[in-house]
Amino acid sequence: MDIILCVTGSIAAVEAVKLARELRRQGANIKCFMSDGACNIIHPYAMEFATGDDVILELTGEIEHVKYANVDLILVAPATANVISKFACKIADNPINALLIAALGYGTPIVMVPSMDLSMYRAIKYNMEKLTQEGVIFVPPRMEEGKAKFPHLDDIVLTVLRETSTKNLRGKKVLVSAGGTYEALDPVRGICNLSSGKMGLELAKEAFIQGADVTLLGANLSLRVPSCIGMVNVISAAEMFDKVQELIEDFDVFISAAAVADFKPEYSETKIPSSKEKILKLEPNPKIIDSVKTLNPNIYLVGFKAEYDVSEDELIESAREQMERSGADLVVANDLAVEGFGSNKIRPILVYDRVEKLPRMGKRELSRIIIQVVSQNL
């Protein structure tokens, strides 16, 4: 993946070093163009360190604006009002704008990250709309303190990965549930589990990278969800069940990765006294995954089945029982005694038209495998 990173004269240029390093961690080769304004904020040596390559500051006989225009992606981060407006008018009076015009002619994907005062951001709205119509992708800024600020790195990186991916889920709508539900005992106490939501979030990110329109149905998530992913918050299993019923008809894929409480306690309207013994009566919650195919028979359904300290055969059998009961197309089974809630690792078994026993791996790596299976079978 060859990316040209253009750094312009916003104070957010200080973030470009971290951005370049993160893109390299994702496997990208980075070449940097810097404007004169950017060089007044950070030294070109900083970007040379971050990219591992020389920085382009001016055009020479090597016609750098053409030489580097036909790559996998051009990223302008930060993008000032000046560079955006000149590009909208196709003015090529500096190396970066000359590069952008050449790249547009080649059909190279262009991503811009506006960073400026809010008044300026409003003033160039027409220019951004014009470029959007021409195929330029804008990463929305963070609107804080009267400024259109540089977004979180995750938002930029995910957009870059999406624009350079095969987009196997282009045009598809994917709903992912994540986190752990909370079942209230009284106004201040409740029963919950230790699910972090990491697996569901990684699946949502990977589906987005592959071109899908993604919504995350999050139960009590403490993780930051990138702004490019739609977010619906719920607390209890009942709330999640209601939201699934409300939303499911509009989606092509549902990945049920949340740890939904199997039981709920009797609810007390007042705080239960702590001085007395209390016996809890638990009632079963509805099985959300079992209702999905009834509501949307054509949806591709992915379930997760967690057990504790069982044999592989027992784990596979439990996954098959879930498939038969719910009509799931794929079930991801794992033993929480091997890797518990909150871990970054998992040792999964995929059960669909065959059984795949996978080695212990990171949840991001597993998300890629799962999304690949989904895209191949849609």
# chains A, B, ... in the order shown; residues from 1 in each chain; ligands from 1
call {"tool": "residues_around", "arguments": {"residues": "Gly180 (chain A)", "least_positions_apart": "3", "cutoff": "6 Å", "atoms": "only C-alpha atoms", "output": "JSON, numbers by chain"}}
result
{"A": [193, 195, 219, 258, 259, 260]}
call {"tool": "residues_around", "arguments": {"residues": "Glu365 (chain A)", "least_positions_apart": "3", "cutoff": "10 Å", "atoms": "only C-alpha atoms", "output": "PyMOL selection string"}}
result
chain A and resi 202-203+206+345-346+361-362+368-370
call {"tool": "select_by_dssp", "arguments": {"residues": "region 227-318 of chain A", "states": "helix (DSSP H, G or I)", "output": "number ranges by chain"}}
result
A: 237-250, 288-295, 312-318
call {"tool": "atom_distance", "arguments": {"atom1": "CA of Lys243 (chain A)", "atom2": "CA of Gly327 (chain A)"}}
result
19.8 Å
call {"tool": "residues_around", "arguments": {"residues": "Leu358 (chain A)", "least_positions_apart": "5", "cutoff": "8 Å", "atoms": "only C-alpha atoms", "output": "PyMOL selection string"}}
result
chain A and resi 347-350
call {"tool": "write_last_selection", "arguments": {"atoms": "N, CA, C and O atoms", "output": "compact mmCIF listing (two decimals), in the first residue's frame"}}
result
# COMPACT_ATOMS: atom_id res chain seq x y z
N ARG A 347 -8.95 -18.07 21.18
CA ARG A 347 -8.68 -19.31 20.44
C ARG A 347 -10.02 -19.85 19.95
O ARG A 347 -10.71 -20.59 20.65
N PRO A 348 -10.40 -19.49 18.72
CA PRO A 348 -11.76 -19.77 18.26
C PRO A 348 -11.88 -21.06 17.44
O PRO A 348 -10.90 -21.58 16.89
N ILE A 349 -13.09 -21.52 17.37
CA ILE A 349 -13.47 -22.59 16.44
C ILE A 349 -14.64 -22.05 15.62
O ILE A 349 -15.65 -21.61 16.17
N LEU A 350 -14.48 -22.04 14.29
CA LEU A 350 -15.54 -21.58 13.40
C LEU A 350 -16.36 -22.79 12.97
O LEU A 350 -15.83 -23.77 12.46
call {"tool": "closest_residue", "arguments": {"among": "A:Leu247, A:Leu194, A:Ala38, A:Ala212", "to": "Ala77 (chain A)", "atoms": "only C-alpha atoms"}}
result
A:Ala38
call {"tool": "select_by_dssp", "arguments": {"residues": "region 235-365 of chain A", "states": "strand (DSSP E or B)", "output": "ChimeraX atom specification"}}
result
/A:253-256,259,263-265,282-284,300-307,330-335,345-346,349-351,355-357,361-362
call {"tool": "residues_around", "arguments": {"residues": "Asp2 (chain A)", "least_positions_apart": "2", "cutoff": "6 Å", "atoms": "only C-alpha atoms", "output": "VMD selection string"}}
result
chain A and resid 28 to 29 71 to 72
call {"tool": "write_last_selection", "arguments": {"atoms": "N, CA, C and O atoms", "output": "PDB file, in the first residue's frame"}}
result
ATOM      1  N   ALA A  28       1.701   0.371   5.437  1.00  0.00           N
ATOM      2  CA  ALA A  28       1.778   1.315   4.322  1.00  0.00           C
ATOM      3  C   ALA A  28       3.195   1.845   4.124  1.00  0.00           C
ATOM      4  O   ALA A  28       3.954   2.014   5.084  1.00  0.00           O
ATOM      5  N   ASN A  29       3.525   2.105   2.878  1.00  0.00           N
ATOM      6  CA  ASN A  29       4.733   2.851   2.534  1.00  0.00           C
ATOM      7  C   ASN A  29       4.327   4.311   2.360  1.00  0.00           C
ATOM      8  O   ASN A  29       3.411   4.621   1.590  1.00  0.00           O
ATOM      9  N   VAL A  71      -0.717   6.534  -7.213  1.00  0.00           N
ATOM     10  CA  VAL A  71      -0.414   5.604  -6.116  1.00  0.00           C
ATOM     11  C   VAL A  71      -1.723   5.025  -5.594  1.00  0.00           C
ATOM     12  O   VAL A  71      -2.787   5.217  -6.183  1.00  0.00           O
ATOM     13  N   ASP A  72      -1.650   4.319  -4.482  1.00  0.00           N
ATOM     14  CA  ASP A  72      -2.874   3.724  -3.931  1.00  0.00           C
ATOM     15  C   ASP A  72      -3.804   4.765  -3.325  1.00  0.00           C
ATOM     16  O   ASP A  72      -5.031   4.627  -3.388  1.00  0.00           O
TER      17      ASP A  72
END
call {"tool": "closest_atom_pairs", "arguments": {"of": "region 206-244 of chain A", "to": "region 148-153 of chain A", "cutoff": "12 Å", "atoms": "only C-alpha atoms", "output": "tab-separated table"}}
result
residue	atom	partner	partner_atom	distance
A:Arg224	CA	A:His152	CA	10.0
A:Val225	CA	A:His152	CA	10.4
A:Pro226	CA	A:His152	CA	7.9
A:Ser227	CA	A:His152	CA	8.8
A:Cys228	CA	A:His152	CA	10.9
call {"tool": "residues_around", "arguments": {"residues": "region 102-107 of chain A", "least_positions_apart": "2", "cutoff": "9 Å", "atoms": "only C-alpha atoms", "output": "mmCIF file with all heavy atoms, in the first residue's frame"}}
result
data_model
loop_
_atom_site.group_PDB
_atom_site.id
_atom_site.type_symbol
_atom_site.label_atom_id
_atom_site.label_comp_id
_atom_site.auth_asym_id
_atom_site.auth_seq_id
_atom_site.Cartn_x
_atom_site.Cartn_y
_atom_site.Cartn_z
ATOM 1 N N HIS A 65 5.133 15.941 -8.854
ATOM 2 C CA HIS A 65 3.663 15.996 -8.766
ATOM 3 C C HIS A 65 3.008 14.966 -9.686
ATOM 4 O O HIS A 65 1.874 14.553 -9.436
ATOM 5 C CB HIS A 65 3.154 17.402 -9.095
ATOM 6 C CG HIS A 65 3.455 17.877 -10.469
ATOM 7 N ND1 HIS A 65 4.735 18.040 -10.928
ATOM 8 C CD2 HIS A 65 2.635 18.211 -11.508
ATOM 9 C CE1 HIS A 65 4.713 18.471 -12.171
ATOM 10 N NE2 HIS A 65 3.439 18.575 -12.555
ATOM 11 N N VAL A 66 3.711 14.548 -10.714
ATOM 12 C CA VAL A 66 3.212 13.497 -11.601
ATOM 13 C C VAL A 66 3.758 12.135 -11.176
ATOM 14 O O VAL A 66 3.034 11.134 -11.142
ATOM 15 C CB VAL A 66 3.584 13.787 -13.064
ATOM 16 C CG1 VAL A 66 3.142 12.632 -13.971
ATOM 17 C CG2 VAL A 66 2.961 15.103 -13.521
ATOM 18 N N TYR A 68 4.448 10.939 -8.314
ATOM 19 C CA TYR A 68 3.827 10.350 -7.122
ATOM 20 C C TYR A 68 2.296 10.439 -7.132
ATOM 21 O O TYR A 68 1.655 10.166 -6.117
ATOM 22 C CB TYR A 68 4.364 11.033 -5.867
ATOM 23 C CG TYR A 68 5.839 10.772 -5.638
ATOM 24 C CD1 TYR A 68 6.781 11.783 -5.829
ATOM 25 C CD2 TYR A 68 6.291 9.513 -5.249
ATOM 26 C CE1 TYR A 68 8.136 11.542 -5.627
ATOM 27 C CE2 TYR A 68 7.640 9.265 -5.048
ATOM 28 C CZ TYR A 68 8.559 10.280 -5.232
ATOM 29 O OH TYR A 68 9.897 10.039 -5.035
ATOM 30 N N ALA A 69 1.709 10.797 -8.268
ATOM 31 C CA ALA A 69 0.257 10.972 -8.319
ATOM 32 C C ALA A 69 -0.501 9.665 -8.496
ATOM 33 O O ALA A 69 -1.638 9.538 -8.035
ATOM 34 C CB ALA A 69 -0.121 11.942 -9.442
ATOM 35 N N ASN A 70 0.094 8.703 -9.151
ATOM 36 C CA ASN A 70 -0.598 7.446 -9.461
ATOM 37 C C ASN A 70 -0.215 6.372 -8.451
ATOM 38 O O ASN A 70 0.504 5.428 -8.750
ATOM 39 C CB ASN A 70 -0.252 7.003 -10.887
ATOM 40 C CG ASN A 70 -1.142 5.877 -11.375
ATOM 41 O OD1 ASN A 70 -2.185 5.594 -10.776
ATOM 42 N ND2 ASN A 70 -0.744 5.232 -12.448
ATOM 43 N N VAL A 71 -0.717 6.534 -7.213
ATOM 44 C CA VAL A 71 -0.414 5.604 -6.116
ATOM 45 C C VAL A 71 -1.723 5.025 -5.594
ATOM 46 O O VAL A 71 -2.787 5.217 -6.183
ATOM 47 C CB VAL A 71 0.352 6.326 -4.982
ATOM 48 C CG1 VAL A 71 1.762 6.701 -5.431
ATOM 49 C CG2 VAL A 71 -0.407 7.560 -4.496
ATOM 50 N N LEU A 73 -3.218 5.834 -2.748
ATOM 51 C CA LEU A 73 -4.063 6.848 -2.111
ATOM 52 C C LEU A 73 -3.240 8.095 -1.807
ATOM 53 O O LEU A 73 -2.061 8.001 -1.455
ATOM 54 C CB LEU A 73 -4.673 6.299 -0.819
ATOM 55 C CG LEU A 73 -5.641 7.208 -0.068
ATOM 56 C CD1 LEU A 73 -6.915 6.445 0.312
ATOM 57 C CD2 LEU A 73 -5.003 7.764 1.217
ATOM 58 N N ILE A 74 -3.881 9.262 -1.951
ATOM 59 C CA ILE A 74 -3.311 10.540 -1.511
ATOM 60 C C ILE A 74 -4.077 10.967 -0.264
ATOM 61 O O ILE A 74 -5.310 11.040 -0.268
ATOM 62 C CB ILE A 74 -3.456 11.638 -2.582
ATOM 63 C CG1 ILE A 74 -2.892 11.200 -3.931
ATOM 64 C CG2 ILE A 74 -2.813 12.938 -2.103
ATOM 65 C CD1 ILE A 74 -1.399 11.160 -4.026
ATOM 66 N N ASN A 97 -0.932 21.109 -4.336
ATOM 67 C CA ASN A 97 -2.091 21.253 -5.210
ATOM 68 C C ASN A 97 -1.826 20.710 -6.615
ATOM 69 O O ASN A 97 -2.731 20.155 -7.251
ATOM 70 C CB ASN A 97 -2.540 22.710 -5.266
ATOM 71 C CG ASN A 97 -3.395 23.088 -4.065
ATOM 72 O OD1 ASN A 97 -2.916 23.729 -3.137
ATOM 73 N ND2 ASN A 97 -4.646 22.654 -4.054
ATOM 74 N N ALA A 98 -0.584 20.845 -7.093
ATOM 75 C CA ALA A 98 -0.238 20.250 -8.385
ATOM 76 C C ALA A 98 -0.366 18.726 -8.325
ATOM 77 O O ALA A 98 -0.877 18.082 -9.246
ATOM 78 C CB ALA A 98 1.180 20.656 -8.782
ATOM 79 N N LEU A 99 0.089 18.147 -7.214
ATOM 80 C CA LEU A 99 -0.028 16.700 -7.017
ATOM 81 C C LEU A 99 -1.490 16.263 -6.994
ATOM 82 O O LEU A 99 -1.867 15.266 -7.630
ATOM 83 C CB LEU A 99 0.655 16.313 -5.698
ATOM 84 C CG LEU A 99 0.446 14.874 -5.227
ATOM 85 C CD1 LEU A 99 1.255 13.908 -6.078
ATOM 86 C CD2 LEU A 99 0.809 14.726 -3.750
ATOM 87 N N LEU A 100 -2.333 17.014 -6.285
ATOM 88 C CA LEU A 100 -3.746 16.644 -6.166
ATOM 89 C C LEU A 100 -4.450 16.676 -7.519
ATOM 90 O O LEU A 100 -5.256 15.793 -7.836
ATOM 91 C CB LEU A 100 -4.441 17.584 -5.183
ATOM 92 C CG LEU A 100 -4.042 17.423 -3.705
ATOM 93 C CD1 LEU A 100 -4.641 18.546 -2.867
ATOM 94 C CD2 LEU A 100 -4.469 16.070 -3.174
ATOM 95 N N PRO A 109 -7.527 7.596 -5.462
ATOM 96 C CA PRO A 109 -8.355 8.001 -4.312
ATOM 97 C C PRO A 109 -7.682 9.120 -3.517
ATOM 98 O O PRO A 109 -6.473 9.077 -3.277
ATOM 99 C CB PRO A 109 -8.445 6.720 -3.482
ATOM 100 C CG PRO A 109 -8.171 5.610 -4.435
ATOM 101 C CD PRO A 109 -7.196 6.159 -5.433
ATOM 102 N N ILE A 110 -8.471 10.116 -3.138
ATOM 103 C CA ILE A 110 -7.962 11.251 -2.365
ATOM 104 C C ILE A 110 -8.794 11.391 -1.098
ATOM 105 O O ILE A 110 -10.033 11.453 -1.155
ATOM 106 C CB ILE A 110 -8.021 12.557 -3.181
ATOM 107 C CG1 ILE A 110 -7.134 12.460 -4.429
ATOM 108 C CG2 ILE A 110 -7.609 13.758 -2.323
ATOM 109 C CD1 ILE A 110 -7.293 13.620 -5.402
ATOM 110 N N GLU A 134 -16.807 15.192 -6.836
ATOM 111 C CA GLU A 134 -15.750 14.718 -7.724
ATOM 112 C C GLU A 134 -15.083 13.446 -7.201
ATOM 113 O O GLU A 134 -14.145 12.936 -7.813
ATOM 114 C CB GLU A 134 -14.702 15.819 -7.925
ATOM 115 C CG GLU A 134 -15.251 17.034 -8.658
ATOM 116 C CD GLU A 134 -14.246 18.175 -8.747
ATOM 117 O OE1 GLU A 134 -13.112 18.028 -8.223
ATOM 118 O OE2 GLU A 134 -14.587 19.218 -9.340
ATOM 119 N N GLY A 135 -15.555 12.950 -6.039
ATOM 120 C CA GLY A 135 -15.045 11.696 -5.514
ATOM 121 C C GLY A 135 -14.059 11.813 -4.380
ATOM 122 O O GLY A 135 -13.559 10.796 -3.878
ATOM 123 N N VAL A 136 -13.770 13.028 -3.933
ATOM 124 C CA VAL A 136 -12.843 13.222 -2.815
ATOM 125 C C VAL A 136 -13.555 12.828 -1.506
ATOM 126 O O VAL A 136 -14.720 13.167 -1.297
ATOM 127 C CB VAL A 136 -12.347 14.677 -2.750
ATOM 128 C CG1 VAL A 136 -11.471 14.898 -1.514
ATOM 129 C CG2 VAL A 136 -11.581 15.034 -4.023
#
call {"tool": "residues_around", "arguments": {"residues": "region 229-234 of chain A", "least_positions_apart": "2", "cutoff": "6 Å", "atoms": "only C-alpha atoms", "output": "list of chain:residue names"}}
result
A:Val214, A:Thr215, A:Leu216, A:Leu217, A:Gly218, A:Ala219, A:Pro226, A:Ser227, A:Glu239, A:Met240
call {"tool": "decode", "arguments": {"residues": "region 239-359 of chain A", "atoms": "C-alpha atoms", "output": "mmCIF file, in the first residue's frame"}}
result
data_model
loop_
_atom_site.group_PDB
_atom_site.id
_atom_site.type_symbol
_atom_site.label_atom_id
_atom_site.label_comp_id
_atom_site.auth_asym_id
_atom_site.auth_seq_id
_atom_site.Cartn_x
_atom_site.Cartn_y
_atom_site.Cartn_z
ATOM 1 C CA GLU A 239 -33.331 -3.070 25.412
ATOM 2 C CA MET A 240 -31.031 -4.907 23.008
ATOM 3 C CA PHE A 241 -33.841 -7.279 22.037
ATOM 4 C CA ASP A 242 -36.155 -4.333 21.312
ATOM 5 C CA LYS A 243 -33.498 -2.561 19.212
ATOM 6 C CA VAL A 244 -32.731 -5.696 17.200
ATOM 7 C CA GLN A 245 -36.434 -6.126 16.446
ATOM 8 C CA GLU A 246 -36.653 -2.471 15.425
ATOM 9 C CA LEU A 247 -33.559 -2.427 13.188
ATOM 10 C CA ILE A 248 -32.963 -5.910 11.814
ATOM 11 C CA GLU A 249 -35.128 -5.743 8.692
ATOM 12 C CA ASP A 250 -32.858 -3.074 7.167
ATOM 13 C CA PHE A 251 -29.628 -5.098 7.402
ATOM 14 C CA ASP A 252 -27.898 -7.694 5.229
ATOM 15 C CA VAL A 253 -25.681 -9.073 8.022
ATOM 16 C CA PHE A 254 -26.086 -9.370 11.792
ATOM 17 C CA ILE A 255 -23.069 -10.335 13.896
ATOM 18 C CA SER A 256 -24.220 -11.152 17.410
ATOM 19 C CA ALA A 257 -20.983 -10.679 19.363
ATOM 20 C CA ALA A 258 -22.463 -9.184 22.549
ATOM 21 C CA ALA A 259 -22.487 -11.146 25.796
ATOM 22 C CA VAL A 260 -26.196 -10.966 26.509
ATOM 23 C CA ALA A 261 -27.335 -11.926 30.014
ATOM 24 C CA ASP A 262 -29.245 -15.214 30.006
ATOM 25 C CA PHE A 263 -31.227 -14.211 33.098
ATOM 26 C CA LYS A 264 -32.668 -11.100 34.711
ATOM 27 C CA PRO A 265 -33.510 -10.629 38.401
ATOM 28 C CA GLU A 266 -36.752 -9.387 39.895
ATOM 29 C CA TYR A 267 -36.519 -5.586 39.965
ATOM 30 C CA SER A 268 -37.054 -3.561 43.127
ATOM 31 C CA GLU A 269 -38.227 0.048 42.693
ATOM 32 C CA THR A 270 -36.401 0.982 45.909
ATOM 33 C CA LYS A 271 -32.824 0.261 46.997
ATOM 34 C CA ILE A 272 -32.613 -3.227 48.509
ATOM 35 C CA PRO A 273 -31.397 -2.993 52.130
ATOM 36 C CA SER A 274 -27.876 -4.337 52.593
ATOM 37 C CA SER A 275 -28.515 -5.387 56.202
ATOM 38 C CA LYS A 276 -30.690 -8.351 55.286
ATOM 39 C CA GLU A 277 -30.162 -11.555 53.359
ATOM 40 C CA LYS A 278 -31.705 -11.414 49.883
ATOM 41 C CA ILE A 279 -32.633 -14.387 47.722
ATOM 42 C CA LEU A 280 -32.748 -13.521 44.036
ATOM 43 C CA LYS A 281 -35.250 -15.025 41.653
ATOM 44 C CA LEU A 282 -33.904 -15.094 38.100
ATOM 45 C CA GLU A 283 -36.070 -15.202 34.986
ATOM 46 C CA PRO A 284 -34.757 -16.168 31.541
ATOM 47 C CA ASN A 285 -34.173 -13.367 29.045
ATOM 48 C CA PRO A 286 -35.322 -13.858 25.444
ATOM 49 C CA LYS A 287 -32.666 -15.361 23.132
ATOM 50 C CA ILE A 288 -32.072 -12.474 20.759
ATOM 51 C CA ILE A 289 -30.280 -14.546 18.142
ATOM 52 C CA ASP A 290 -33.215 -16.985 17.922
ATOM 53 C CA SER A 291 -35.582 -14.251 16.672
ATOM 54 C CA VAL A 292 -33.382 -12.788 13.930
ATOM 55 C CA LYS A 293 -34.169 -15.168 11.056
ATOM 56 C CA THR A 294 -37.887 -14.924 11.807
ATOM 57 C CA LEU A 295 -37.731 -11.144 11.397
ATOM 58 C CA ASN A 296 -35.344 -11.155 8.414
ATOM 59 C CA PRO A 297 -35.084 -14.596 6.748
ATOM 60 C CA ASN A 298 -32.493 -13.426 4.183
ATOM 61 C CA ILE A 299 -30.004 -11.972 6.649
ATOM 62 C CA TYR A 300 -26.556 -13.554 7.067
ATOM 63 C CA LEU A 301 -26.394 -14.393 10.763
ATOM 64 C CA VAL A 302 -23.194 -14.813 12.764
ATOM 65 C CA GLY A 303 -23.412 -16.009 16.359
ATOM 66 C CA PHE A 304 -20.869 -16.387 19.155
ATOM 67 C CA LYS A 305 -20.959 -19.284 21.589
ATOM 68 C CA ALA A 306 -18.897 -19.085 24.763
ATOM 69 C CA GLU A 307 -18.482 -21.977 27.175
ATOM 70 C CA TYR A 308 -16.197 -22.502 30.144
ATOM 71 C CA ASP A 309 -13.683 -25.313 30.597
ATOM 72 C CA VAL A 310 -15.182 -27.818 28.158
ATOM 73 C CA SER A 311 -13.670 -30.166 25.608
ATOM 74 C CA GLU A 312 -13.405 -29.166 21.934
ATOM 75 C CA ASP A 313 -16.069 -31.717 21.040
ATOM 76 C CA GLU A 314 -18.445 -30.266 23.620
ATOM 77 C CA LEU A 315 -17.727 -26.747 22.368
ATOM 78 C CA ILE A 316 -18.419 -27.712 18.749
ATOM 79 C CA GLU A 317 -21.617 -29.514 19.728
ATOM 80 C CA SER A 318 -22.801 -26.455 21.660
ATOM 81 C CA ALA A 319 -22.145 -24.276 18.582
ATOM 82 C CA ARG A 320 -24.071 -26.686 16.365
ATOM 83 C CA GLU A 321 -27.005 -26.620 18.758
ATOM 84 C CA GLN A 322 -27.044 -22.817 18.514
ATOM 85 C CA MET A 323 -26.930 -23.030 14.719
ATOM 86 C CA GLU A 324 -29.839 -25.450 14.608
ATOM 87 C CA ARG A 325 -31.919 -23.424 17.062
ATOM 88 C CA SER A 326 -31.308 -19.971 15.555
ATOM 89 C CA GLY A 327 -30.610 -20.753 11.907
ATOM 90 C CA ALA A 328 -27.231 -19.012 12.149
ATOM 91 C CA ASP A 329 -24.973 -19.265 9.100
ATOM 92 C CA LEU A 330 -21.771 -19.154 11.151
ATOM 93 C CA VAL A 331 -21.040 -19.634 14.842
ATOM 94 C CA VAL A 332 -17.768 -18.629 16.476
ATOM 95 C CA ALA A 333 -17.145 -20.826 19.527
ATOM 96 C CA ASN A 334 -14.566 -20.252 22.231
ATOM 97 C CA ASP A 335 -13.709 -21.498 25.704
ATOM 98 C CA LEU A 336 -13.485 -18.675 28.244
ATOM 99 C CA ALA A 337 -11.230 -20.825 30.400
ATOM 100 C CA VAL A 338 -8.563 -20.460 27.670
ATOM 101 C CA GLU A 339 -8.967 -16.701 27.085
ATOM 102 C CA GLY A 340 -11.425 -14.876 29.318
ATOM 103 C CA PHE A 341 -13.512 -11.734 28.896
ATOM 104 C CA GLY A 342 -11.427 -8.625 28.236
ATOM 105 C CA SER A 343 -8.489 -10.457 26.696
ATOM 106 C CA ASN A 344 -7.008 -9.231 23.411
ATOM 107 C CA LYS A 345 -6.543 -12.851 22.322
ATOM 108 C CA ILE A 346 -8.943 -15.657 21.497
ATOM 109 C CA ARG A 347 -8.677 -19.309 20.435
ATOM 110 C CA PRO A 348 -11.761 -19.767 18.259
ATOM 111 C CA ILE A 349 -13.469 -22.587 16.439
ATOM 112 C CA LEU A 350 -15.543 -21.585 13.401
ATOM 113 C CA VAL A 351 -18.580 -23.757 12.794
ATOM 114 C CA TYR A 352 -20.520 -23.361 9.537
ATOM 115 C CA ASP A 353 -20.642 -25.795 6.606
ATOM 116 C CA ARG A 354 -17.404 -27.119 8.054
ATOM 117 C CA VAL A 355 -15.437 -26.847 11.286
ATOM 118 C CA GLU A 356 -12.252 -24.750 11.423
ATOM 119 C CA LYS A 357 -10.125 -24.966 14.555
ATOM 120 C CA LEU A 358 -8.007 -21.819 14.605
ATOM 121 C CA PRO A 359 -4.913 -21.130 16.718
#
